[in-house]
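The data block below is target.txt; it holds compact mmCIF, C-alpha atoms (C1' of nucleotides).
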```txt
# COMPACT_ATOMS: atom_id res chain seq x y z
CA MET A 1 9.13 61.25 70.87
CA THR A 2 11.59 58.37 70.71
CA LEU A 3 14.97 59.06 72.20
CA PRO A 4 17.52 57.68 69.69
CA LYS A 5 19.94 56.00 72.09
CA PRO A 6 23.47 56.41 70.71
CA LEU A 7 24.60 53.28 68.90
CA ARG A 8 27.98 51.72 69.30
CA ALA A 9 30.44 52.91 66.67
CA ASP A 10 30.57 49.68 64.68
CA ALA A 11 26.82 49.19 64.92
CA GLU A 12 26.23 52.66 63.55
CA ARG A 13 28.65 52.05 60.70
CA ASN A 14 27.05 48.75 59.81
CA ARG A 15 23.54 50.09 59.96
CA ARG A 16 24.43 52.80 57.51
CA ARG A 17 26.14 50.33 55.25
CA VAL A 18 23.13 48.02 55.18
CA LEU A 19 20.77 50.83 54.29
CA GLU A 20 23.10 52.05 51.60
CA VAL A 21 23.60 48.66 49.99
CA ALA A 22 19.97 47.59 50.32
CA GLN A 23 18.75 50.77 48.72
CA ALA A 24 21.01 50.33 45.74
CA VAL A 25 20.25 46.63 45.33
CA PHE A 26 16.49 46.94 45.73
CA ALA A 27 16.37 49.83 43.31
CA ALA A 28 18.43 47.95 40.75
CA GLU A 29 16.97 44.46 40.99
CA GLY A 30 13.71 44.72 42.87
CA LEU A 31 12.93 43.27 46.25
CA ALA A 32 13.10 39.68 45.08
CA VAL A 33 16.77 39.76 46.01
CA PRO A 34 17.48 37.40 48.93
CA ILE A 35 18.39 38.96 52.22
CA ASP A 36 21.53 36.84 52.37
CA GLU A 37 22.70 38.49 49.20
CA ILE A 38 22.33 41.93 50.70
CA ALA A 39 24.24 40.87 53.78
CA ARG A 40 26.96 39.41 51.59
CA ARG A 41 27.34 42.55 49.51
CA ALA A 42 27.46 44.63 52.66
CA GLY A 43 30.21 42.37 53.99
CA LEU A 44 28.12 41.28 56.98
CA GLY A 45 26.39 38.21 58.36
CA VAL A 46 22.64 37.91 58.19
CA GLY A 47 22.44 37.95 61.97
CA THR A 48 23.83 41.46 62.03
CA LEU A 49 21.37 42.61 59.48
CA TYR A 50 18.49 41.15 61.45
CA ARG A 51 19.52 42.89 64.64
CA HIS A 52 19.12 46.24 62.92
CA PHE A 53 15.98 45.38 60.99
CA PRO A 54 13.83 42.64 62.51
CA THR A 55 12.34 41.76 59.16
CA LYS A 56 12.98 42.15 55.47
CA GLU A 57 9.91 44.26 55.25
CA ALA A 58 11.16 46.52 58.05
CA LEU A 59 14.35 47.11 56.14
CA PHE A 60 12.46 48.02 53.04
CA GLU A 61 10.17 50.22 55.06
CA ALA A 62 13.12 52.11 56.49
CA ILE A 63 14.39 52.80 53.01
CA VAL A 64 11.06 53.94 51.71
CA VAL A 65 10.40 56.15 54.71
CA GLY A 66 13.71 57.88 54.13
CA ARG A 67 12.96 58.57 50.49
CA MET A 68 9.45 59.61 51.27
CA GLN A 69 10.53 62.14 53.87
CA ALA A 70 12.96 63.67 51.42
CA LEU A 71 10.16 63.89 48.87
CA VAL A 72 7.77 65.51 51.31
CA GLY A 73 10.44 68.05 52.20
CA GLU A 74 11.01 68.94 48.58
CA ALA A 75 7.31 69.22 47.86
CA ARG A 76 6.79 71.62 50.75
CA GLU A 77 9.77 73.71 49.77
CA ARG A 78 8.31 74.26 46.36
CA GLY A 79 4.88 75.06 47.78
CA ALA A 80 5.44 78.79 47.44
CA ALA A 81 7.68 78.96 44.38
CA LYS A 82 7.14 81.81 41.93
CA ASP A 83 6.14 79.72 38.92
CA PRO A 84 3.40 77.24 39.92
CA GLY A 85 3.66 75.26 36.71
CA GLU A 86 7.38 74.80 36.98
CA ALA A 87 7.11 73.82 40.63
CA PHE A 88 4.48 71.21 39.87
CA PHE A 89 6.33 69.61 36.99
CA ALA A 90 9.56 69.57 38.94
CA ILE A 91 8.07 67.64 41.84
CA LEU A 92 6.22 65.39 39.43
CA ALA A 93 9.51 64.40 37.82
CA ARG A 94 11.09 63.76 41.21
CA ILE A 95 8.22 61.57 42.34
CA ALA A 96 8.31 59.66 39.10
CA GLU A 97 12.01 58.93 39.53
CA GLU A 98 11.38 57.39 42.91
CA GLY A 99 8.36 55.63 41.52
CA ALA A 100 10.04 52.34 40.79
CA VAL A 101 10.94 51.78 44.41
CA LYS A 102 7.55 52.82 45.69
CA LYS A 103 5.90 50.56 43.16
CA ASP A 104 7.66 47.45 44.31
CA PHE A 105 6.90 48.51 47.80
CA LEU A 106 3.19 48.87 47.24
CA ASP A 107 3.15 45.53 45.52
CA ALA A 108 4.73 43.91 48.54
CA LEU A 109 2.32 45.70 50.80
CA ALA A 110 -0.78 43.99 49.49
CA SER A 111 -0.43 41.45 52.27
CA ALA A 112 1.49 43.51 54.82
CA GLY A 113 0.68 43.99 58.48
CA ALA A 114 -1.52 46.83 59.62
CA ASP A 115 1.22 48.64 61.57
CA VAL A 116 3.42 49.07 58.57
CA VAL A 117 0.58 50.34 56.49
CA ARG A 118 -0.30 52.91 59.12
CA ALA A 119 3.29 53.95 59.71
CA LEU A 120 3.61 54.83 56.05
CA GLY A 121 0.04 55.97 55.67
CA ALA A 122 0.77 59.19 57.50
CA LEU A 123 3.72 60.00 55.29
CA LYS A 124 1.76 59.12 52.20
CA GLU A 125 -0.97 61.49 53.30
CA GLU A 126 1.52 64.27 53.81
CA LEU A 127 3.00 63.74 50.39
CA ASN A 128 -0.43 63.59 48.82
CA ALA A 129 -1.48 66.80 50.51
CA ALA A 130 1.64 68.66 49.42
CA PHE A 131 1.36 67.30 45.91
CA GLU A 132 -2.29 68.17 45.64
CA HIS A 133 -1.54 71.70 46.76
CA LEU A 134 1.02 72.08 44.00
CA LEU A 135 -1.36 70.62 41.45
CA LYS A 136 -4.25 72.90 42.39
CA ARG A 137 -1.97 75.91 42.31
CA ALA A 138 -0.71 74.97 38.87
CA GLN A 139 -4.26 74.47 37.66
CA ARG A 140 -5.32 77.87 38.93
CA ALA A 141 -2.37 79.36 37.05
CA LYS A 142 -3.64 77.57 33.92
CA ALA A 143 -0.43 75.59 33.67
CA VAL A 144 -2.22 72.25 34.00
CA ARG A 145 -5.57 71.08 32.61
CA ARG A 146 -8.43 70.90 35.09
CA ASP A 147 -9.80 67.46 34.33
CA VAL A 148 -7.11 65.53 36.17
CA ASP A 149 -6.65 64.78 39.84
CA ALA A 150 -3.58 64.08 41.96
CA ARG A 151 -3.90 60.31 41.90
CA GLU A 152 -4.12 60.22 38.15
CA ALA A 153 -1.22 62.57 37.59
CA MET A 154 0.94 60.50 39.91
CA ALA A 155 -0.08 57.23 38.31
CA LEU A 156 0.70 58.60 34.87
CA ALA A 157 4.14 59.88 35.75
CA THR A 158 5.30 57.04 37.96
CA GLY A 159 3.94 54.41 35.61
CA ALA A 160 5.60 55.88 32.58
CA LEU A 161 8.99 56.22 34.21
CA GLY A 162 8.71 52.84 35.87
CA ALA A 163 8.16 51.25 32.47
CA CYS A 164 11.22 53.07 31.16
CA LYS A 165 13.39 51.57 33.84
CA ARG A 166 12.02 48.11 33.21
CA LEU A 167 12.60 48.38 29.49
CA GLY A 168 16.01 49.91 29.89
CA ILE A 169 15.24 53.16 28.10
CA ASP A 170 18.06 55.65 28.52
CA ALA A 171 18.01 59.09 30.08
CA ARG A 172 17.39 60.74 26.70
CA GLY A 173 14.28 58.67 26.11
CA ARG A 174 13.07 59.24 29.64
CA GLU A 175 13.37 62.98 29.21
CA ARG A 176 11.40 62.74 25.98
CA ILE A 177 8.66 60.76 27.66
CA LEU A 178 8.45 63.22 30.50
CA ALA A 179 8.12 65.99 27.93
CA ILE A 180 5.17 64.19 26.36
CA VAL A 181 3.54 63.79 29.74
CA ARG A 182 4.05 67.47 30.44
CA ASP A 183 2.52 68.47 27.12
CA GLY A 184 -0.42 66.18 27.74
CA LEU A 185 -1.02 67.64 31.17
CA ARG A 186 -0.86 71.17 29.80
CA ALA A 187 -3.27 70.56 26.94
CA ALA A 188 -6.83 71.87 27.24
CA PRO A 189 -9.51 69.27 28.04
CA MET B 190 6.42 22.42 11.21
CA THR B 191 5.08 20.65 14.26
CA LEU B 192 2.14 18.40 13.59
CA PRO B 193 -0.43 19.11 16.30
CA LYS B 194 -1.43 15.56 17.13
CA PRO B 195 -5.11 15.51 18.14
CA LEU B 196 -5.53 15.42 21.91
CA ARG B 197 -7.84 13.09 23.70
CA ALA B 198 -11.23 14.64 24.46
CA ASP B 199 -10.70 15.05 28.20
CA ALA B 200 -7.15 16.25 27.74
CA GLU B 201 -8.29 18.91 25.32
CA ARG B 202 -11.03 20.02 27.69
CA ASN B 203 -8.64 20.26 30.62
CA ARG B 204 -5.99 22.09 28.68
CA ARG B 205 -8.49 24.75 27.72
CA ARG B 206 -9.73 25.02 31.26
CA VAL B 207 -6.23 25.49 32.66
CA LEU B 208 -5.43 28.24 30.18
CA GLU B 209 -8.70 29.97 30.88
CA VAL B 210 -8.33 29.89 34.67
CA ALA B 211 -4.64 30.73 34.67
CA GLN B 212 -5.18 33.72 32.44
CA ALA B 213 -7.85 35.12 34.72
CA VAL B 214 -5.90 34.46 37.90
CA PHE B 215 -2.58 35.79 36.65
CA ALA B 216 -4.22 38.90 35.29
CA ALA B 217 -6.06 39.52 38.53
CA GLU B 218 -3.40 38.68 41.11
CA GLY B 219 -0.08 38.55 39.31
CA LEU B 220 2.10 35.53 38.79
CA ALA B 221 2.96 35.12 42.44
CA VAL B 222 -0.08 32.86 42.72
CA PRO B 223 0.99 29.27 43.50
CA ILE B 224 0.51 26.70 40.83
CA ASP B 225 -1.42 24.51 43.24
CA GLU B 226 -3.96 27.26 43.56
CA ILE B 227 -4.49 27.41 39.83
CA ALA B 228 -4.94 23.65 39.68
CA ARG B 229 -7.41 23.82 42.53
CA ARG B 230 -9.48 26.54 40.91
CA ALA B 231 -9.51 24.61 37.67
CA GLY B 232 -10.71 21.55 39.54
CA LEU B 233 -7.63 19.50 38.61
CA GLY B 234 -4.57 17.98 40.23
CA VAL B 235 -1.19 19.57 39.77
CA GLY B 236 0.05 16.51 37.92
CA THR B 237 -2.46 17.14 35.17
CA LEU B 238 -1.43 20.72 34.88
CA TYR B 239 2.22 19.76 34.61
CA ARG B 240 1.60 17.28 31.82
CA HIS B 241 0.21 20.08 29.67
CA PHE B 242 2.74 22.70 30.68
CA PRO B 243 6.08 21.34 31.87
CA THR B 244 6.77 24.44 33.91
CA LYS B 245 5.02 27.38 35.42
CA GLU B 246 6.89 29.62 33.09
CA ALA B 247 5.74 27.56 30.11
CA LEU B 248 2.15 28.04 31.17
CA PHE B 249 2.62 31.73 31.43
CA GLU B 250 4.38 31.78 28.11
CA ALA B 251 1.46 30.04 26.44
CA ILE B 252 -0.91 32.67 27.76
CA VAL B 253 1.25 35.54 26.66
CA VAL B 254 1.80 34.04 23.22
CA GLY B 255 -1.95 33.81 22.73
CA ARG B 256 -2.53 37.42 23.69
CA MET B 257 0.40 38.54 21.64
CA GLN B 258 -0.85 36.81 18.52
CA ALA B 259 -4.22 38.45 18.91
CA LEU B 260 -2.50 41.80 19.27
CA VAL B 261 -0.37 41.26 16.18
CA GLY B 262 -3.49 40.35 14.23
CA GLU B 263 -5.26 43.50 15.30
CA ALA B 264 -2.28 45.68 14.54
CA ARG B 265 -2.00 44.28 11.01
CA GLU B 266 -5.70 44.69 10.37
CA ARG B 267 -5.47 48.37 11.15
CA GLY B 268 -2.39 48.82 9.00
CA ALA B 269 -4.40 50.19 6.12
CA ALA B 270 -7.22 51.97 7.94
CA LYS B 271 -8.44 55.29 6.54
CA ASP B 272 -7.51 57.48 9.51
CA PRO B 273 -3.86 56.84 10.49
CA GLY B 274 -4.15 58.76 13.75
CA GLU B 275 -7.21 56.89 14.90
CA ALA B 276 -5.69 53.55 13.95
CA PHE B 277 -2.55 54.28 15.91
CA PHE B 278 -4.28 55.43 19.06
CA ALA B 279 -6.66 52.50 18.94
CA ILE B 280 -3.89 49.93 18.87
CA LEU B 281 -1.97 51.89 21.47
CA ALA B 282 -4.91 51.61 23.85
CA ARG B 283 -5.22 47.89 23.20
CA ILE B 284 -1.56 47.27 23.84
CA ALA B 285 -1.71 49.30 27.01
CA GLU B 286 -4.62 47.23 28.29
CA GLU B 287 -2.65 44.04 27.87
CA GLY B 288 0.36 45.78 29.31
CA ALA B 289 -0.12 44.60 32.87
CA VAL B 290 0.19 40.97 31.89
CA LYS B 291 3.15 41.57 29.65
CA LYS B 292 4.82 43.58 32.36
CA ASP B 293 4.74 40.80 34.91
CA PHE B 294 5.98 38.54 32.21
CA LEU B 295 8.94 40.67 31.30
CA ASP B 296 9.80 40.96 34.96
CA ALA B 297 9.83 37.20 35.30
CA LEU B 298 11.88 36.91 32.17
CA ALA B 299 14.91 38.66 33.54
CA SER B 300 16.34 35.29 34.49
CA ALA B 301 14.57 33.07 31.98
CA GLY B 302 16.11 30.50 29.67
CA ALA B 303 17.24 31.47 26.20
CA ASP B 304 14.63 29.33 24.40
CA VAL B 305 11.71 31.12 25.94
CA VAL B 306 13.17 34.47 25.13
CA ARG B 307 13.67 33.47 21.52
CA ALA B 308 10.24 31.89 21.18
CA LEU B 309 8.66 35.17 22.16
CA GLY B 310 11.27 37.28 20.50
CA ALA B 311 9.85 36.57 17.06
CA LEU B 312 6.35 37.56 18.08
CA LYS B 313 7.63 40.64 19.80
CA GLU B 314 9.42 41.61 16.62
CA GLU B 315 6.26 41.17 14.60
CA LEU B 316 4.29 43.30 16.99
CA ASN B 317 6.99 45.94 17.04
CA ALA B 318 7.10 46.04 13.26
CA ALA B 319 3.34 46.38 12.91
CA PHE B 320 3.23 48.99 15.64
CA GLU B 321 6.07 50.97 14.16
CA HIS B 322 4.34 50.98 10.83
CA LEU B 323 1.21 52.45 12.39
CA LEU B 324 3.26 55.02 14.27
CA LYS B 325 5.19 56.17 11.20
CA ARG B 326 2.00 56.44 9.21
CA ALA B 327 0.37 58.53 11.94
CA GLN B 328 3.44 60.75 12.10
CA ARG B 329 3.37 61.33 8.33
CA ALA B 330 -0.28 62.30 8.69
CA LYS B 331 0.78 64.79 11.37
CA ALA B 332 -1.38 63.04 13.95
CA VAL B 333 1.58 62.25 16.19
CA ARG B 334 4.67 64.31 17.03
CA ARG B 335 7.89 63.22 15.35
CA ASP B 336 10.27 63.17 18.29
CA VAL B 337 9.05 59.88 19.71
CA ASP B 338 9.84 56.31 18.73
CA ALA B 339 7.88 53.09 19.06
CA ARG B 340 9.60 51.89 22.22
CA GLU B 341 8.92 55.12 24.00
CA ALA B 342 5.29 55.32 22.98
CA MET B 343 4.73 51.76 24.15
CA ALA B 344 6.50 52.34 27.44
CA LEU B 345 4.46 55.44 28.08
CA ALA B 346 1.10 53.83 27.41
CA THR B 347 1.70 50.47 29.06
CA GLY B 348 3.37 52.05 32.06
CA ALA B 349 0.59 54.52 32.64
CA LEU B 350 -2.18 51.95 32.41
CA GLY B 351 -0.21 49.42 34.43
CA ALA B 352 0.06 51.93 37.25
CA CYS B 353 -3.68 52.52 37.03
CA LYS B 354 -4.38 48.87 37.58
CA ARG B 355 -1.98 48.69 40.48
CA LEU B 356 -3.48 51.71 42.17
CA GLY B 357 -7.03 50.61 41.50
CA ILE B 358 -8.01 53.59 39.39
CA ASP B 359 -11.38 53.03 37.78
CA ALA B 360 -12.32 52.97 34.10
CA ARG B 361 -13.21 56.67 34.12
CA GLY B 362 -9.78 57.64 35.42
CA ARG B 363 -8.08 55.33 32.98
CA GLU B 364 -9.90 56.92 30.08
CA ARG B 365 -8.82 60.33 31.31
CA ILE B 366 -5.22 59.25 31.57
CA LEU B 367 -5.28 57.82 28.08
CA ALA B 368 -6.67 61.12 26.86
CA ILE B 369 -3.74 62.93 28.42
CA VAL B 370 -1.32 60.55 26.77
CA ARG B 371 -3.03 61.10 23.43
CA ASP B 372 -2.85 64.87 23.78
CA GLY B 373 0.79 64.64 24.74
CA LEU B 374 1.59 62.50 21.73
CA ARG B 375 -0.22 64.87 19.41
CA ALA B 376 1.45 68.01 20.70
CA ALA B 377 4.19 69.60 18.61
CA PRO B 378 7.77 69.07 19.80
C1' DC C 379 43.93 47.38 81.64
C1' DT C 380 39.90 44.87 82.67
C1' DA C 381 35.54 43.20 82.49
C1' DC C 382 31.07 43.54 80.94
C1' DA C 383 27.66 44.30 77.69
C1' DA C 384 26.51 44.79 73.06
C1' DT C 385 27.52 43.25 68.50
C1' DC C 386 28.95 39.97 65.06
C1' DG C 387 28.71 35.85 61.99
C1' DG C 388 26.88 31.99 59.98
C1' DA C 389 24.96 27.32 60.78
C1' DA C 390 20.47 25.39 61.36
C1' DC C 391 15.29 25.54 61.22
C1' DG C 392 10.69 26.00 59.17
C1' DA C 393 7.66 27.43 55.66
C1' DT C 394 6.47 27.94 51.06
C1' DG C 395 6.13 26.63 46.40
C1' DC C 396 7.82 24.21 42.06
C1' DT C 397 8.35 19.69 40.18
C1' DT C 398 8.32 14.56 39.89
C1' DC C 399 6.41 10.03 40.26
C1' DC C 400 3.30 6.28 40.08
C1' DG C 401 -1.00 3.60 41.00
C1' DG C 402 -5.69 4.07 39.48
C1' DT C 403 -9.03 5.70 35.82
C1' DT C 404 -10.84 7.05 31.30
C1' DT C 405 -10.92 7.17 26.35
C1' DC C 406 -11.07 5.16 21.96
C1' DA C 407 -10.00 1.97 18.12
C1' DA C 408 -10.60 -2.62 16.65
C1' DT D 409 -16.61 -5.44 24.48
C1' DT D 410 -12.01 -5.23 25.44
C1' DG D 411 -7.21 -4.04 25.77
C1' DA D 412 -3.81 -0.76 25.63
C1' DA D 413 -2.31 3.85 25.53
C1' DA D 414 -2.99 8.18 27.40
C1' DC D 415 -4.54 10.76 31.16
C1' DC D 416 -5.71 11.91 36.03
C1' DG D 417 -4.73 13.09 40.99
C1' DG D 418 -2.23 14.15 44.88
C1' DA D 419 1.49 12.60 47.99
C1' DA D 420 6.37 13.06 48.35
C1' DG D 421 10.89 15.25 46.95
C1' DC D 422 13.69 19.14 46.57
C1' DA D 423 15.23 23.91 46.44
C1' DT D 424 14.92 28.55 48.06
C1' DC D 425 14.44 32.02 51.36
C1' DG D 426 13.14 34.35 55.62
C1' DT D 427 14.20 34.00 60.38
C1' DT D 428 16.29 32.38 64.84
C1' DC D 429 19.96 31.18 67.97
C1' DC D 430 24.24 31.15 70.28
C1' DG D 431 29.35 30.93 70.80
C1' DA D 432 33.03 34.14 69.43
C1' DT D 433 34.42 38.90 69.05
C1' DT D 434 34.80 43.77 69.81
C1' DG D 435 33.89 48.47 71.69
C1' DT D 436 33.77 51.17 75.87
C1' DA D 437 33.20 52.72 80.81
C1' DG D 438 35.61 52.87 84.98
```
Please express what this file holds, its structure, as structure tokens.
Amino acid sequence: MTLPKPLRADAERNRRRVLEVAQAVFAAEGLAVPIDEIARRAGLGVGTLYRHFPTKEALFEAIVVGRMQALVGEARERGAAKDPGEAFFAILARIAEEGAVKKDFLDALASAGADVVRALGALKEELNAAFEHLLKRAQRAKAVRRDVDAREAMALATGALGACKRLGIDARGRERILAIVRDGLRAAP
Amino acid sequence: MTLPKPLRADAERNRRRVLEVAQAVFAAEGLAVPIDEIARRAGLGVGTLYRHFPTKEALFEAIVVGRMQALVGEARERGAAKDPGEAFFAILARIAEEGAVKKDFLDALASAGADVVRALGALKEELNAAFEHLLKRAQRAKAVRRDVDAREAMALATGALGACKRLGIDARGRERILAIVRDGLRAAP
DNA sequence: CTACAATCGGAACGATGCTTCCGGTTTCAA
DNA sequence: TTGAAACCGGAAGCATCGTTCCGATTGTAG
């Protein structure tokens, strides 16, 4: 489709660095962080940052697209795993971990342009499809209750883990909460 | 402590109106809504609003304190109910419903002044204590698994329902998600 | 090595939103 | 009824943050 013209060496280096820093900062402090701050932490001027990403939203989009693609890949890989229940719960945990970022993103998207929404819409559809496949398979194998759909399962997992991050609950507590979610999803209606 | 000097009739009326409108607007659209907008919807000038609440944060604090007090009252009422399990799950659902508001608040509090944090800290402690009492009682009655603490249970419930609101899941779906949480909390470790 | 084209940095601009200020209005007690 | 104290409204002030612009710098082809 788009031929990715080779970037100059320094440009390539800087682009990577921006993505790296922005991902860490956004994940840790939310996207209320000023763009100047990200440039500063990356050791660059804001002008440089804006040449690579024409808008703050574009930068955030690039990050989310990257994560999303990784997630879609994982979900598809597990699509034919031996144990349907295990496969489903594994991807559920992964999605929940990324949840915090996606959450902020969706918040910011309430008033976003149509292009951006569409650009991500496709990926979101792919992820939803893959996730739904795993869910249905797990339900057929009686590893997950039948009275729950993909949206709800995702909301439950991402919401719970997102709250953990906000409240500063440690990895031990997070694991415990995930266990409760798992047990709830396994229980009979 | 503080003698609540009687307000003038119009002042009292306006104060009520501001609280009412702000609560609805913040709950519906988050606290990113400009203060001018709240004044406009209340049919007042911003000056008026600022005389009652010296800061946007103070306004939000007043709202949250009100909700919190109501919650504490409810939690204490149920402290001696016949069925410990029912009492616990009832208050858990109530807290989760309010969760969205509290969530935004806690977000905004990351960089708040020490006074505000302390002012709410006391109430938060009261709520935590009452909630923990209900949880322990339910655990003794074997209505809730033992390997979960109050923080985690709250995070789970508020997070899950918060995500529902963000994603626009309807009342039916929310009820289903709460059911899953309940089943998960009842399951044996 | 040279010269050109792309990149870099950060000062300056514009928009948005919180807060203050003050002249006019309303309430209420005497 | 009347005077003063409290309240009202919204224009102006101020800070923050996203974005643009352009002279200086640096990588790279020939």
Give one line per residue of region 410-434 of chain D that approaches region 34-39 of chain A to at most 12 Å, naming the two atoms of the closest pair and their distance in Å to one decimal, counting only C-alpha atoms (C1' of nucleotides); sort by chain then ascending residue number and deliver it as a tab-separated table.
```
residue	atom	partner	partner_atom	distance
D:DT424	C1'	A:Pro34	CA	9.3
D:DC425	C1'	A:Pro34	CA	6.6
D:DG426	C1'	A:Ile35	CA	7.8
D:DT427	C1'	A:Ile35	CA	10.4
```
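Using all atoms listed in the file, the protein and nucleic acid residues lying no more than 10 Å from region 202-209 of chain B, apart from those fewer than 5 places from it along its own chain, are Leu196, Arg197, Val214, Ile227, Ala228, Arg230, Ala231, Gly232, Leu233, Thr237, Leu238, Arg240, His241, Phe242, Leu248, Phe249, Ala251, Ile252 and Gly255 of chain B.
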### Task
Kindly indicate which residue among A:Ala32, A:Ala27, A:Leu156, A:Val46 lies nearest to chain C, using all atoms listed in the file for the distances.
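Going through A:Ala32, A:Ala27, A:Leu156, A:Val46 one by one, the smallest distance to chain C is for A:Val46.
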Restrict the calculation to only C-alpha atoms (C1' of nucleotides), then for each residue of chain D with any atom at most 9 Å from an atom of chain B give the closest atom pair and their distance in Å to one decimal, rows by chain and rising residue number, as JSON lines.
```
{"residue": "D:DA414", "atom": "C1'", "partner": "B:Arg197", "partner_atom": "CA", "distance": 7.8}
{"residue": "D:DC415", "atom": "C1'", "partner": "B:Ala200", "partner_atom": "CA", "distance": 7.0}
{"residue": "D:DC416", "atom": "C1'", "partner": "B:Thr237", "partner_atom": "CA", "distance": 6.2}
{"residue": "D:DG417", "atom": "C1'", "partner": "B:Gly234", "partner_atom": "CA", "distance": 5.0}
{"residue": "D:DG418", "atom": "C1'", "partner": "B:Gly234", "partner_atom": "CA", "distance": 6.5}
```
Contact check, chain C to chain A, at most 7 Å, counting only C-alpha atoms (C1' of nucleotides), closest pairs as a Markdown table:
```
| residue | atom | partner | partner_atom | distance |
| --- | --- | --- | --- | --- |
| C:DT385 | C1' | A:Ala11 | CA | 7.0 |
| C:DC386 | C1' | A:Thr48 | CA | 6.1 |
| C:DG387 | C1' | A:Gly45 | CA | 4.9 |
| C:DG388 | C1' | A:Gly45 | CA | 6.4 |
```
### Task
Could you jot down the CA of Glu77 (chain A) to CA of Leu356 (chain B) separation for me, Å, one decimal place?
26.8 Å
### Task
Give as a list in words the set of residues within 9 Å of the point (8.5, 14.1, 44.1), where distances use the file's coordinates and all atoms listed in the file.
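Residues found, by chain and rising number: DT397, DT398 and DC399 of chain C; DA419, DA420, DG421 and DC422 of chain D.
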### Query
Got a sec to pull out which chain B residues are within 10 Å of chain A, counting all atoms listed in the file, and send them as an MDAnalysis selection string?
chainID B and resid 219 292 295:296 299 334 336:338 340:356 358 362:363 365:378
### Task
Would you work out the distance separating CA of Gln328 (chain B) from CA of Gly288 (chain B), expressed in Å to one decimal?
23.0 Å
### Query
For the atom pair CA of Glu97 (chain A) and CA of Gly85 (chain A), what is the interatomic distance in Å to one decimal place?
18.6 Å
### Message
Between A:Ala130, A:Val21, A:Ala96, A:Ala138, which residue has the minimum interatomic distance to Ala75 (chain A), considering only C-alpha atoms?
### Response
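Answer, going by the shortest atom-to-atom distance: A:Ala130.
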#### Entry: Nearest to Ala93 (chain A), chosen from A:Ala9, A:Glu175, A:Leu123, A:Val64, with only C-alpha atoms counted in the distances
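Ranking A:Ala9, A:Glu175, A:Leu123, A:Val64 by distance to Ala93 (chain A), first place goes to A:Glu175.
Closest approach to DT394 (chain C) among B:Pro195, B:Val222, B:Leu309, B:Pro243 is made by B:Val222 (distances from only C-alpha atoms (C1' of nucleotides)).
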Region 127-132 of chain A, all listed atoms, 4 Å padding on each side: what axis-aligned box centre and edge lengths in Å to one decimal come out, as lines of an AutoDock Vina configuration file?
```
center_x = 0.4
center_y = 66.1
center_z = 48.1
size_x = 13.3
size_y = 13.1
size_z = 12.9
```
### Query
Can you tell me, as a ChimeraX atom specification, what residues are no more than 9 Å from Arg267 (chain B) when counting all atoms listed in the file, ignoring any on the same chain fewer than 6 positions away?
/B:273,276-277,279-280,323
Can those selected residues be exported to a file as a tab-separated table (two decimals), in the frame of the given file so that it contains C-alpha atoms?
```tsv
chain	number	residue	atom	x	y	z
B	273	PRO	CA	-3.86	56.84	10.49
B	276	ALA	CA	-5.69	53.55	13.95
B	277	PHE	CA	-2.55	54.28	15.91
B	279	ALA	CA	-6.66	52.50	18.94
B	280	ILE	CA	-3.89	49.93	18.87
B	323	LEU	CA	1.21	52.45	12.39
```
